[in-house]
Amino acid sequence: MQLEGWARTVECRCFVATPDSVEDVGAVIRDVKERGFTIGIRGSGLSYGDQHLNHDNVVLDMRGLNRIISWNKESGVMTVEAGVTYDMILRLSLPDKWILPAVPGTRYPTMGGALANNVHGKNAYRTPTIGGAVLSFVLVTASGDMVV
């Protein structure tokens, strides 16, 4: 498949895997490693550095992991999968008068991408990056194991 970078100035040919569970992510990682390929991770594809491109190798498209697992409007704690976008979170949290402390210039980055890049908002001079708002996350390691 051909993928483009954020600015549409770079294209690459790659194999795309579309997991729909964290367990699938681990299985894909183990399979790809066994076959001798490398893996790039892609959410919305909005990273300036185009790090989600992985020419002639595998790209894990995380957009299928886009479920909001839980939302506690009293505490403001939300549990989401990596492919959930800012837009999805804000549509749910804003009516309850909650907003993320770090909101970038667009509503469409995924939470996985935001966390991987430690996204900051327009208010970065006085509030933390997105990493400061995350209580915990599940990381799938290069061996396919899950770590909290």
# chains A, B, ... in the order shown; residues from 1 in each chain; ligands from 1
call {"tool": "select_by_dssp", "arguments": {"residues": "region 48-141 of chain A", "states": "alpha helix (DSSP H)", "output": "PyMOL selection string"}}
result
chain A and resi 86-93+111-116
call {"tool": "residues_around", "arguments": {"residues": "Gly49 (chain A)", "least_positions_apart": "3", "cutoff": "9 Å", "atoms": "only C-alpha atoms", "output": "list of chain:residue names"}}
result
A:Gly5, A:Trp6, A:Leu46, A:His52
call {"tool": "closest_residue", "arguments": {"among": "A:Val77, A:Val134, A:Cys14, A:Val140", "to": "Val28 (chain A)", "atoms": "only C-alpha atoms"}}
result
A:Val140
call {"tool": "closest_residue", "arguments": {"among": "A:Gln2, A:Ser136, A:Thr127, A:Thr141", "to": "Thr79 (chain A)", "atoms": "only C-alpha atoms"}}
result
A:Ser136
call {"tool": "residues_around", "arguments": {"residues": "Pro109 (chain A)", "least_positions_apart": "6", "cutoff": "9 Å", "atoms": "only C-alpha atoms", "output": "list in words"}}
result
Gly43, Ser44, Gly45, Leu46, Ser47, Gly83, Val84, Thr85, Tyr86 and Asp87 of chain A
call {"tool": "closest_residue", "arguments": {"among": "A:Ala102, A:Arg126, A:Arg8, A:Leu60", "to": "Ala27 (chain A)", "atoms": "only C-alpha atoms"}}
result
A:Leu60
call {"tool": "select_by_dssp", "arguments": {"residues": "chain A", "states": "strand (DSSP E or B)", "output": "JSON, numbers by chain"}}
result
{"A": [2, 3, 4, 11, 12, 13, 15, 16, 17, 39, 40, 41, 42, 58, 59, 60, 61, 68, 69, 70, 71, 72, 77, 78, 79, 80, 85, 110, 139, 140, 146, 147]}
call {"tool": "write_last_selection", "arguments": {"atoms": "C-alpha atoms", "output": "PDB file, in the first residue's frame"}}
result
ATOM      1  CA  GLN A   2       1.160   3.580  -0.655  1.00  0.00           C
ATOM      2  CA  LEU A   3       1.112   5.896   2.377  1.00  0.00           C
ATOM      3  CA  GLU A   4       1.780   9.619   2.398  1.00  0.00           C
ATOM      4  CA  GLU A  11       5.241   8.649  -0.115  1.00  0.00           C
ATOM      5  CA  CYS A  12       6.273   5.137   0.760  1.00  0.00           C
ATOM      6  CA  ARG A  13       5.223   1.623  -0.124  1.00  0.00           C
ATOM      7  CA  PHE A  15       2.521  -3.434   4.260  1.00  0.00           C
ATOM      8  CA  VAL A  16      -0.305  -2.234   6.512  1.00  0.00           C
ATOM      9  CA  ALA A  17      -1.677  -4.235   9.453  1.00  0.00           C
ATOM     10  CA  ILE A  39       7.278  -1.879  12.314  1.00  0.00           C
ATOM     11  CA  GLY A  40       6.139   1.718  12.144  1.00  0.00           C
ATOM     12  CA  ILE A  41       3.065   2.871  14.058  1.00  0.00           C
ATOM     13  CA  ARG A  42       0.403   5.094  12.488  1.00  0.00           C
ATOM     14  CA  VAL A  58       5.099  -2.961   8.103  1.00  0.00           C
ATOM     15  CA  VAL A  59       2.946  -0.103   9.364  1.00  0.00           C
ATOM     16  CA  LEU A  60       0.560  -0.810  12.220  1.00  0.00           C
ATOM     17  CA  ASP A  61      -2.545   1.317  11.559  1.00  0.00           C
ATOM     18  CA  ILE A  68     -13.700   4.880  24.587  1.00  0.00           C
ATOM     19  CA  ILE A  69     -13.769   2.228  27.301  1.00  0.00           C
ATOM     20  CA  SER A  70     -15.034   4.362  30.174  1.00  0.00           C
ATOM     21  CA  TRP A  71     -15.753   7.970  31.130  1.00  0.00           C
ATOM     22  CA  ASN A  72     -16.186   9.224  34.690  1.00  0.00           C
ATOM     23  CA  VAL A  77     -10.906  10.106  34.160  1.00  0.00           C
ATOM     24  CA  MET A  78     -11.365   8.471  30.779  1.00  0.00           C
ATOM     25  CA  THR A  79     -10.024   5.150  29.525  1.00  0.00           C
ATOM     26  CA  VAL A  80      -9.434   5.016  25.783  1.00  0.00           C
ATOM     27  CA  THR A  85      -8.937  10.987  18.571  1.00  0.00           C
ATOM     28  CA  THR A 110      -4.998   9.918  18.041  1.00  0.00           C
ATOM     29  CA  LEU A 139       2.609  -0.522  26.157  1.00  0.00           C
ATOM     30  CA  VAL A 140       3.064  -3.424  23.762  1.00  0.00           C
ATOM     31  CA  MET A 146       1.998  -5.981  27.347  1.00  0.00           C
ATOM     32  CA  VAL A 147       3.289  -3.767  30.149  1.00  0.00           C
TER      33      VAL A 147
END
call {"tool": "residues_around", "arguments": {"residues": "region 116-122 of chain A", "least_positions_apart": "4", "cutoff": "6 Å", "atoms": "only C-alpha atoms", "output": "PyMOL selection string"}}
result
chain A and resi 102-104+129-131
call {"tool": "write_last_selection", "arguments": {"atoms": "N, CA, C and O atoms", "output": "mmCIF file, in the first residue's frame"}}
result
data_model
loop_
_atom_site.group_PDB
_atom_site.id
_atom_site.type_symbol
_atom_site.label_atom_id
_atom_site.label_comp_id
_atom_site.auth_asym_id
_atom_site.auth_seq_id
_atom_site.Cartn_x
_atom_site.Cartn_y
_atom_site.Cartn_z
ATOM 1 N N ALA A 102 -3.834 19.549 27.298
ATOM 2 C CA ALA A 102 -2.964 19.799 26.144
ATOM 3 C C ALA A 102 -3.718 19.435 24.877
ATOM 4 O O ALA A 102 -3.879 18.270 24.549
ATOM 5 N N VAL A 103 -4.229 20.452 24.190
ATOM 6 C CA VAL A 103 -4.971 20.238 22.949
ATOM 7 C C VAL A 103 -4.198 20.910 21.822
ATOM 8 O O VAL A 103 -3.984 22.117 21.841
ATOM 9 N N PRO A 104 -3.753 20.116 20.832
ATOM 10 C CA PRO A 104 -2.985 20.701 19.731
ATOM 11 C C PRO A 104 -3.883 21.510 18.799
ATOM 12 O O PRO A 104 -5.075 21.662 19.061
ATOM 13 N N THR A 129 2.316 18.916 29.075
ATOM 14 C CA THR A 129 2.008 18.226 27.829
ATOM 15 C C THR A 129 1.017 17.102 28.129
ATOM 16 O O THR A 129 0.680 16.862 29.293
ATOM 17 N N ILE A 130 0.596 16.388 27.109
ATOM 18 C CA ILE A 130 -0.395 15.334 27.313
ATOM 19 C C ILE A 130 0.099 14.268 28.287
ATOM 20 O O ILE A 130 -0.680 13.681 29.027
ATOM 21 N N GLY A 131 1.394 14.024 28.317
ATOM 22 C CA GLY A 131 1.939 13.036 29.251
ATOM 23 C C GLY A 131 1.618 13.352 30.698
ATOM 24 O O GLY A 131 1.479 12.446 31.524
#
call {"tool": "residues_around", "arguments": {"residues": "Val22 (chain A)", "least_positions_apart": "2", "cutoff": "9 Å", "atoms": "only C-alpha atoms", "output": "PyMOL selection string"}}
result
chain A and resi 19-20+24-27+65+81+138+140+146
call {"tool": "write_last_selection", "arguments": {"atoms": "N, CA and C atoms", "output": "PDB file, in the first residue's frame"}}
result
ATOM      1  N   PRO A  19      -4.828  -3.905  13.345  1.00  0.00           N
ATOM      2  CA  PRO A  19      -5.329  -4.659  14.504  1.00  0.00           C
ATOM      3  C   PRO A  19      -6.580  -4.007  15.078  1.00  0.00           C
ATOM      4  N   ASP A  20      -7.425  -4.836  15.701  1.00  0.00           N
ATOM      5  CA  ASP A  20      -8.596  -4.248  16.363  1.00  0.00           C
ATOM      6  C   ASP A  20      -8.661  -4.595  17.846  1.00  0.00           C
ATOM      7  N   ASP A  24      -4.232  -8.310  19.355  1.00  0.00           N
ATOM      8  CA  ASP A  24      -3.859  -8.366  17.936  1.00  0.00           C
ATOM      9  C   ASP A  24      -2.554  -7.622  17.685  1.00  0.00           C
ATOM     10  N   VAL A  25      -2.353  -6.502  18.369  1.00  0.00           N
ATOM     11  CA  VAL A  25      -1.114  -5.737  18.224  1.00  0.00           C
ATOM     12  C   VAL A  25       0.070  -6.621  18.607  1.00  0.00           C
ATOM     13  N   GLY A  26      -0.031  -7.299  19.738  1.00  0.00           N
ATOM     14  CA  GLY A  26       1.039  -8.197  20.176  1.00  0.00           C
ATOM     15  C   GLY A  26       1.293  -9.307  19.174  1.00  0.00           C
ATOM     16  N   ALA A  27       0.213  -9.878  18.634  1.00  0.00           N
ATOM     17  CA  ALA A  27       0.361 -10.965  17.659  1.00  0.00           C
ATOM     18  C   ALA A  27       1.036 -10.471  16.384  1.00  0.00           C
ATOM     19  N   LEU A  65      -8.377   0.704  16.747  1.00  0.00           N
ATOM     20  CA  LEU A  65      -8.456   0.677  18.216  1.00  0.00           C
ATOM     21  C   LEU A  65      -8.992   2.034  18.668  1.00  0.00           C
ATOM     22  N   GLU A  81      -8.687   3.664  23.929  1.00  0.00           N
ATOM     23  CA  GLU A  81      -7.716   2.921  23.139  1.00  0.00           C
ATOM     24  C   GLU A  81      -6.865   3.906  22.349  1.00  0.00           C
ATOM     25  N   VAL A 138      -1.100   1.063  28.526  1.00  0.00           N
ATOM     26  CA  VAL A 138      -0.568  -0.256  28.210  1.00  0.00           C
ATOM     27  C   VAL A 138       0.377  -0.092  27.039  1.00  0.00           C
ATOM     28  N   VAL A 140       2.743  -2.128  24.347  1.00  0.00           N
ATOM     29  CA  VAL A 140       3.064  -3.424  23.762  1.00  0.00           C
ATOM     30  C   VAL A 140       4.530  -3.330  23.353  1.00  0.00           C
ATOM     31  N   MET A 146       2.667  -7.191  26.877  1.00  0.00           N
ATOM     32  CA  MET A 146       1.998  -5.981  27.347  1.00  0.00           C
ATOM     33  C   MET A 146       2.513  -5.587  28.719  1.00  0.00           C
TER      34      MET A 146
END
call {"tool": "atom_distance", "arguments": {"atom1": "CA of Ala82 (chain A)", "atom2": "CA of Met111 (chain A)"}}
result
5.3 Å
call {"tool": "atom_distance", "arguments": {"atom1": "CA of Arg63 (chain A)", "atom2": "CA of Gly113 (chain A)"}}
result
10.4 Å
call {"tool": "decode", "arguments": {"residues": "region 33-49 of chain A", "atoms": "all heavy atoms", "output": "tab-separated table (two decimals), in the first residue's frame"}}
result
chain	number	residue	atom	x	y	z
A	33	LYS	N	8.21	-9.58	13.61
A	33	LYS	CA	9.58	-9.81	14.09
A	33	LYS	C	10.11	-11.14	13.56
A	33	LYS	O	11.25	-11.24	13.11
A	33	LYS	CB	9.59	-9.77	15.62
A	33	LYS	CG	10.95	-9.84	16.23
A	33	LYS	CD	10.85	-9.70	17.74
A	33	LYS	CE	12.21	-9.80	18.37
A	33	LYS	NZ	12.13	-9.69	19.83
A	34	GLU	N	9.27	-12.17	13.61
A	34	GLU	CA	9.66	-13.50	13.13
A	34	GLU	C	10.00	-13.48	11.64
A	34	GLU	O	10.89	-14.19	11.19
A	34	GLU	CB	8.52	-14.48	13.40
A	34	GLU	CG	8.86	-15.92	13.12
A	34	GLU	CD	7.71	-16.83	13.53
A	34	GLU	OE1	7.40	-16.90	14.73
A	34	GLU	OE2	7.13	-17.45	12.62
A	35	ARG	N	9.31	-12.65	10.88
A	35	ARG	CA	9.54	-12.56	9.43
A	35	ARG	C	10.69	-11.62	9.06
A	35	ARG	O	11.03	-11.48	7.90
A	35	ARG	CB	8.27	-12.12	8.73
A	35	ARG	CG	7.15	-13.13	8.83
A	35	ARG	CD	5.85	-12.55	8.28
A	35	ARG	NE	4.75	-13.42	8.55
A	35	ARG	CZ	4.17	-14.20	7.65
A	35	ARG	NH1	4.65	-14.25	6.42
A	35	ARG	NH2	3.15	-14.95	7.97
A	36	GLY	N	11.25	-10.92	10.06
A	36	GLY	CA	12.41	-10.06	9.81
A	36	GLY	C	12.10	-8.66	9.31
A	36	GLY	O	12.98	-7.98	8.80
A	37	PHE	N	10.86	-8.21	9.47
A	37	PHE	CA	10.49	-6.85	9.07
A	37	PHE	C	10.58	-5.90	10.28
A	37	PHE	O	10.67	-6.34	11.42
A	37	PHE	CB	9.05	-6.82	8.53
A	37	PHE	CG	8.88	-7.45	7.19
A	37	PHE	CD1	8.39	-8.74	7.08
A	37	PHE	CD2	9.20	-6.76	6.04
A	37	PHE	CE1	8.22	-9.33	5.85
A	37	PHE	CE2	9.03	-7.34	4.79
A	37	PHE	CZ	8.54	-8.63	4.70
A	38	THR	N	10.53	-4.63	10.00
A	38	THR	CA	10.42	-3.62	11.06
A	38	THR	C	8.99	-3.09	11.07
A	38	THR	O	8.23	-3.30	10.12
A	38	THR	CB	11.41	-2.45	10.86
A	38	THR	OG1	11.08	-1.78	9.64
A	38	THR	CG2	12.84	-2.95	10.83
A	39	ILE	N	8.64	-2.39	12.15
A	39	ILE	CA	7.28	-1.88	12.31
A	39	ILE	C	7.30	-0.39	12.56
A	39	ILE	O	8.08	0.11	13.37
A	39	ILE	CB	6.57	-2.55	13.50
A	39	ILE	CG1	6.42	-4.04	13.27
A	39	ILE	CG2	5.19	-1.92	13.74
A	39	ILE	CD1	5.79	-4.77	14.43
A	40	GLY	N	6.43	0.32	11.87
A	40	GLY	CA	6.14	1.72	12.14
A	40	GLY	C	4.71	1.78	12.66
A	40	GLY	O	3.89	0.93	12.32
A	41	ILE	N	4.41	2.74	13.48
A	41	ILE	CA	3.06	2.87	14.06
A	41	ILE	C	2.40	4.11	13.46
A	41	ILE	O	3.01	5.17	13.37
A	41	ILE	CB	3.12	3.03	15.60
A	41	ILE	CG1	4.01	1.96	16.23
A	41	ILE	CG2	1.73	3.02	16.18
A	41	ILE	CD1	3.49	0.57	16.20
A	42	ARG	N	1.13	3.97	13.09
A	42	ARG	CA	0.40	5.09	12.49
A	42	ARG	C	-0.97	5.22	13.15
A	42	ARG	O	-1.66	4.24	13.38
A	42	ARG	CB	0.23	4.85	10.99
A	42	ARG	CG	-0.48	5.98	10.27
A	42	ARG	CD	-0.68	5.60	8.80
A	42	ARG	NE	-1.43	6.59	8.08
A	42	ARG	CZ	-0.90	7.53	7.31
A	42	ARG	NH1	0.40	7.59	7.15
A	42	ARG	NH2	-1.66	8.40	6.68
A	43	GLY	N	-1.30	6.45	13.47
A	43	GLY	CA	-2.65	6.77	13.94
A	43	GLY	C	-3.33	7.56	12.83
A	43	GLY	O	-3.64	7.05	11.77
A	44	SER	N	-3.48	8.85	13.06
A	44	SER	CA	-4.09	9.72	12.05
A	44	SER	C	-3.11	10.13	10.95
A	44	SER	O	-3.51	10.71	9.96
A	44	SER	CB	-4.65	10.98	12.72
A	44	SER	OG	-5.66	10.64	13.64
A	45	GLY	N	-1.82	9.88	11.16
A	45	GLY	CA	-0.83	10.25	10.15
A	45	GLY	C	-0.52	11.74	10.15
A	45	GLY	O	-0.15	12.30	9.12
A	46	LEU	N	-0.66	12.39	11.30
A	46	LEU	CA	-0.50	13.85	11.38
A	46	LEU	C	0.83	14.29	11.98
A	46	LEU	O	1.02	15.46	12.24
A	46	LEU	CB	-1.65	14.45	12.20
A	46	LEU	CG	-3.05	14.22	11.63
A	46	LEU	CD1	-4.12	14.74	12.59
A	46	LEU	CD2	-3.20	14.87	10.27
A	47	SER	N	1.75	13.37	12.20
A	47	SER	CA	3.03	13.73	12.80
A	47	SER	C	3.90	14.47	11.78
A	47	SER	O	4.06	14.02	10.65
A	47	SER	CB	3.77	12.48	13.28
A	47	SER	OG	3.03	11.86	14.30
A	48	TYR	N	4.45	15.59	12.19
A	48	TYR	CA	5.27	16.40	11.30
A	48	TYR	C	6.47	15.65	10.75
A	48	TYR	O	6.88	15.85	9.63
A	48	TYR	CB	5.77	17.66	12.01
A	48	TYR	CG	4.70	18.65	12.37
A	48	TYR	CD1	4.69	19.25	13.61
A	48	TYR	CD2	3.71	18.99	11.47
A	48	TYR	CE1	3.72	20.17	13.96
A	48	TYR	CE2	2.72	19.90	11.80
A	48	TYR	CZ	2.74	20.49	13.04
A	48	TYR	OH	1.77	21.40	13.37
A	49	GLY	N	7.05	14.76	11.55
A	49	GLY	CA	8.26	14.06	11.14
A	49	GLY	C	8.03	12.85	10.26
A	49	GLY	O	8.97	12.19	9.86
